[in-house]
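Printed here is coords37.cif (mmCIF, C-alpha atoms):
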```cif
data_data
loop_
_atom_site.label_atom_id
_atom_site.label_comp_id
_atom_site.auth_asym_id
_atom_site.auth_seq_id
_atom_site.Cartn_x
_atom_site.Cartn_y
_atom_site.Cartn_z
CA MET A 1 91.28 97.35 174.88
CA ARG A 2 88.95 100.18 174.04
CA THR A 3 86.19 101.58 176.25
CA LYS A 4 83.38 100.58 173.87
CA GLN A 5 84.58 96.94 173.91
CA ILE A 6 84.09 96.57 177.68
CA GLN A 7 80.72 95.21 178.80
CA ILE A 8 79.18 94.95 182.25
CA GLY A 9 79.23 91.26 183.23
CA GLY A 10 82.09 90.52 180.85
CA VAL A 11 85.22 88.71 182.01
CA TYR A 12 88.63 90.01 180.97
CA THR A 13 92.22 89.28 181.89
CA ALA A 14 94.13 92.01 183.69
CA LYS A 15 97.44 92.31 185.45
CA VAL A 16 96.89 92.71 189.19
CA THR A 17 99.87 92.83 191.55
CA GLY A 18 102.14 91.17 189.05
CA ARG A 19 99.81 88.32 188.03
CA VAL A 20 97.45 88.03 185.08
CA VAL A 21 94.03 87.14 186.47
CA PRO A 22 90.43 87.06 185.23
CA ILE A 23 88.30 90.01 186.29
CA ARG A 24 84.52 90.25 185.94
CA ILE A 25 83.30 93.79 185.30
CA ASP A 26 80.40 94.49 187.68
CA ALA A 27 79.58 98.19 187.26
CA ILE A 28 80.75 101.56 186.01
CA ASN A 29 82.58 103.48 188.71
CA ASP A 30 81.35 107.04 189.46
CA GLU A 31 84.94 108.32 189.47
CA GLY A 32 85.71 106.76 186.09
CA GLY A 33 86.62 103.27 185.07
CA TRP A 34 84.85 100.14 186.27
CA ASP A 35 84.29 98.16 189.44
CA GLY A 36 84.93 94.46 189.14
CA THR A 37 85.72 91.23 190.93
CA ASN A 38 89.02 89.40 190.76
CA LEU A 39 87.81 85.85 190.03
CA ALA A 40 91.05 84.32 191.31
CA THR A 41 90.64 85.79 194.81
CA GLY A 42 87.04 86.98 194.95
CA LYS A 43 88.16 90.48 195.96
CA ALA A 44 86.72 93.71 194.61
CA VAL A 45 88.96 95.63 192.23
CA ARG A 46 88.76 98.92 190.38
CA VAL A 47 89.83 99.10 186.76
CA PRO A 48 90.67 102.76 186.14
CA THR A 49 91.30 102.58 182.39
CA PRO A 50 90.60 100.13 179.58
CA ARG A 51 94.36 99.76 179.08
CA ARG A 52 94.50 97.67 182.27
CA LEU A 53 92.46 94.94 180.57
CA ARG A 54 94.28 92.57 178.25
CA ARG A 55 91.66 90.47 176.48
CA GLU A 56 88.19 89.01 176.92
CA VAL A 57 87.97 85.56 178.50
CA THR A 58 85.60 83.19 176.70
CA ARG A 59 82.92 81.18 178.47
CA ALA A 60 84.65 77.99 177.34
CA GLU A 61 87.85 79.08 179.09
CA LEU A 62 85.93 79.83 182.27
CA LYS A 63 84.08 76.50 182.28
CA SER A 64 87.18 74.45 181.56
CA GLY A 65 89.27 76.33 184.11
CA LYS A 66 91.85 77.25 181.50
CA ALA A 67 91.51 80.97 182.04
CA PRO A 68 94.67 82.42 183.62
CA GLY A 69 94.58 82.66 187.40
CA ILE A 70 91.61 80.33 187.96
CA ASP A 71 92.28 77.39 190.23
CA ARG A 72 89.59 74.69 190.15
CA LYS A 73 90.13 73.39 193.70
CA PRO A 74 87.03 72.90 195.86
CA LEU A 75 85.99 76.08 197.63
CA HIS A 76 86.28 76.17 201.42
CA GLY A 77 86.13 79.88 202.11
CA ALA A 78 86.74 83.16 200.36
CA LYS A 79 90.42 82.49 199.74
CA ALA A 80 90.20 78.78 198.90
CA GLY A 81 92.29 77.65 195.99
CA VAL A 82 94.38 80.80 195.95
CA LYS A 83 98.08 80.40 196.56
CA ARG A 84 99.73 83.69 197.33
CA PRO A 85 103.46 84.06 197.00
CA SER A 86 105.27 84.90 200.18
CA LYS A 87 106.39 88.51 200.46
CA ASN A 88 109.59 87.37 202.10
CA LYS A 89 111.18 84.61 200.03
CA THR A 90 112.87 83.22 203.12
CA ALA A 91 109.67 83.06 205.17
CA GLU A 92 109.58 79.27 204.85
CA ALA A 93 113.14 79.05 206.20
CA LYS A 94 112.41 81.31 209.18
CA SER A 95 111.89 79.49 212.41
CA MET A 96 112.12 82.46 214.77
CA SER A 97 110.79 85.97 214.95
CA ALA A 98 113.25 88.84 214.73
CA LEU A 99 113.10 89.43 218.49
CA ASP A 100 113.52 85.74 219.32
CA ALA A 101 116.54 85.60 217.04
CA ALA A 102 117.96 88.79 218.57
CA ARG A 103 117.59 87.35 222.05
CA GLN A 104 119.27 84.09 221.02
CA VAL A 105 122.21 85.99 219.47
CA LEU A 106 122.57 88.16 222.59
CA LEU A 107 122.44 85.11 224.88
CA GLU A 108 125.28 83.55 222.88
CA SER A 109 127.31 86.78 222.95
CA THR A 110 129.61 87.69 225.83
CA GLU A 111 129.26 91.43 225.23
CA PRO A 112 126.49 93.89 224.33
CA LEU A 113 125.82 94.22 220.60
CA ARG A 114 124.49 96.84 218.19
CA ALA A 115 121.42 96.11 216.07
CA LYS A 116 123.48 95.72 212.87
CA GLU A 117 125.68 93.12 214.58
CA ILE A 118 122.62 91.31 215.92
CA VAL A 119 121.04 91.10 212.44
CA ARG A 120 124.30 89.93 210.85
CA LEU A 121 124.92 87.22 213.48
CA ALA A 122 121.29 86.06 213.35
CA ALA A 123 121.55 85.65 209.57
CA GLU A 124 124.89 83.83 209.82
CA ALA A 125 123.49 81.44 212.43
CA GLY A 126 120.35 80.87 210.34
CA TYR A 127 117.99 82.11 213.06
CA TRP A 128 116.42 84.93 211.08
CA HIS A 129 116.91 86.74 207.79
CA SER A 130 115.21 89.68 206.16
CA ASP A 131 115.35 91.00 202.60
CA ALA A 132 114.43 94.48 203.82
CA LYS A 133 116.78 97.39 203.21
CA THR A 134 117.19 98.24 206.90
CA PRO A 135 116.38 95.18 209.03
CA HIS A 136 118.66 96.54 211.77
CA ALA A 137 116.37 99.56 212.17
CA THR A 138 113.38 97.24 212.57
CA VAL A 139 115.17 95.12 215.18
CA TYR A 140 116.44 98.22 217.02
CA ALA A 141 112.94 99.71 217.20
CA ALA A 142 111.38 96.40 218.26
CA ILE A 143 113.88 95.95 221.08
CA LEU A 144 113.32 99.50 222.34
CA ARG A 145 109.55 99.00 222.14
CA GLU A 146 109.76 95.81 224.21
CA ILE A 147 111.97 97.51 226.82
CA ARG A 148 109.52 100.44 227.04
CA GLU A 149 106.37 98.29 227.20
CA LYS A 150 107.53 95.43 229.44
CA GLY A 151 109.98 97.31 231.67
CA THR A 152 111.72 94.88 234.02
CA ASP A 153 110.06 91.89 232.33
CA ALA A 154 111.66 92.69 228.96
CA ARG A 155 114.03 90.19 227.38
CA PHE A 156 116.54 92.98 226.67
CA THR A 157 118.30 95.82 228.45
CA LYS A 158 120.11 98.78 227.00
CA ALA A 159 123.75 98.33 227.99
CA ALA A 160 125.12 101.45 226.31
CA PRO A 161 123.91 103.91 223.69
CA GLY A 162 122.84 101.72 220.75
CA LYS A 163 123.95 98.46 222.43
CA PHE A 164 121.77 95.77 223.95
CA ARG A 165 122.15 92.78 226.24
CA ALA A 166 119.78 89.83 226.83
CA THR A 167 118.14 89.48 230.25
CA GLY A 168 116.27 86.70 232.01
CA GLY A 169 112.82 87.96 230.85
CA GLN A 170 110.54 85.78 228.75
#
```
What would the structure in this file look like if it were written as structure tokens?
Amino acid sequence: MRTKQIQIGGVYTAKVTGRVVPIRIDAINDEGGWDGTNLATGKAVRVPTPRRLRREVTRAELKSGKAPGIDRKPLHGAKAGVKRPSKNKTAEAKSMSALDAARQVLLESTEPLRAKEIVRLAAEAGYWHSDAKTPHATVYAAILREIREKGTDARFTKAAPGKFRATGGQ
């Protein structure tokens, strides 16, 4: 779109975080661009350039609910009717936290384990899985944090450099 085509109060489609949604332009931003409202979520957005906007949404599309990103479910709060995709695709399959899974793996193990081994065994057993690049670093840091913060009440102990064992803590 071009700058002169954009009107305050107009509704346009724009791509926001990977989804095409309707955005109402509310005001001109002092730093350039426009301030608007994402009509799918109700959140404030900033449109820096007219290239972010795809096309104008007609009033008929808004009334009928056929504009992209508009869900016509009854409103029960600011986020009603908005289904957000999970950041972790396996979040529905997860039944434990990373630390709970680590403790379970260590309880089942006869020897102390490294964080990489803990993550691998937790995934194999179906306790916990992460699509992150370095889930072992996250688990390692979380275990050390729990040991530091809870002391003798921690669920883990450091058995050797980089190796952990489960304890009787909660």
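Nearest residue to A:Ala115, choosing from A:Gly33, A:Pro22, A:Pro50, A:Pro135 and counting only C-alpha atoms: A:Pro135.
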Could you give me, as a PyMOL selection string, the residues that sit within 12 Å of (98.9, 90.0, 187.7) in the file's coordinates, counting only C-alpha atoms?
chain A and resi 13-23+38+40-41+52-54+68-69+84-85
Once the PyMOL selection byres ((chain A and resi 100) around 12) has been evaluated on this model, what residues remain selected, and can you format them as a list in words?
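That expression, the PyMOL selection byres ((chain A and resi 100) around 12), corresponds here to Lys94, Ser95, Met96, Ser97, Ala98, Leu99, Ala101, Ala102, Arg103, Gln104, Val105, Leu106, Leu107, Ile118, Val119, Ala122, Tyr127, Trp128, Val139, Ala142, Ile143, Glu146, Arg155, Phe156, Ala166, Gly169 and Gln170 of chain A.
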Once the PyMOL selection byres ((chain A and resi 24) around 7) has been applied to the shown file, what residues remain in the selection, as a list in words?
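Going through the file, the PyMOL selection byres ((chain A and resi 24) around 7) ends up selecting Gly9, Gly10, Val11, Tyr12, Pro22, Ile23, Ile25, Asp26, Gly36, Thr37, Asn38 and Leu39 of chain A.
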Could you work out how far atom CA of A:Glu124 lies from atom CA of A:Arg148, giving the answer in Å with one decimal?
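A separation of 28.4 Å between them.
Here atom CA of A:Val57 is placed at a distance of 18.1 Å from atom CA of A:Ala44.
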Expected residue set, 9 Å radius at (128.6, 95.4, 222.0), only C-alpha atoms, as a short mmCIF file (atom, residue, chain, number, x, y, z; two decimals) with C-alpha atoms, keeping the file's coordinate frame:
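File written: selection-v3.cif
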```cif
data_model
loop_
_atom_site.label_atom_id
_atom_site.label_comp_id
_atom_site.auth_asym_id
_atom_site.auth_seq_id
_atom_site.Cartn_x
_atom_site.Cartn_y
_atom_site.Cartn_z
CA SER A 109 127.31 86.78 222.95
CA THR A 110 129.61 87.69 225.83
CA GLU A 111 129.26 91.43 225.23
CA PRO A 112 126.49 93.89 224.33
CA LEU A 113 125.82 94.22 220.60
CA ARG A 114 124.49 96.84 218.19
CA GLU A 117 125.68 93.12 214.58
CA ALA A 159 123.75 98.33 227.99
CA ALA A 160 125.12 101.45 226.31
CA GLY A 162 122.84 101.72 220.75
CA LYS A 163 123.95 98.46 222.43
CA PHE A 164 121.77 95.77 223.95
CA ARG A 165 122.15 92.78 226.24
#
```
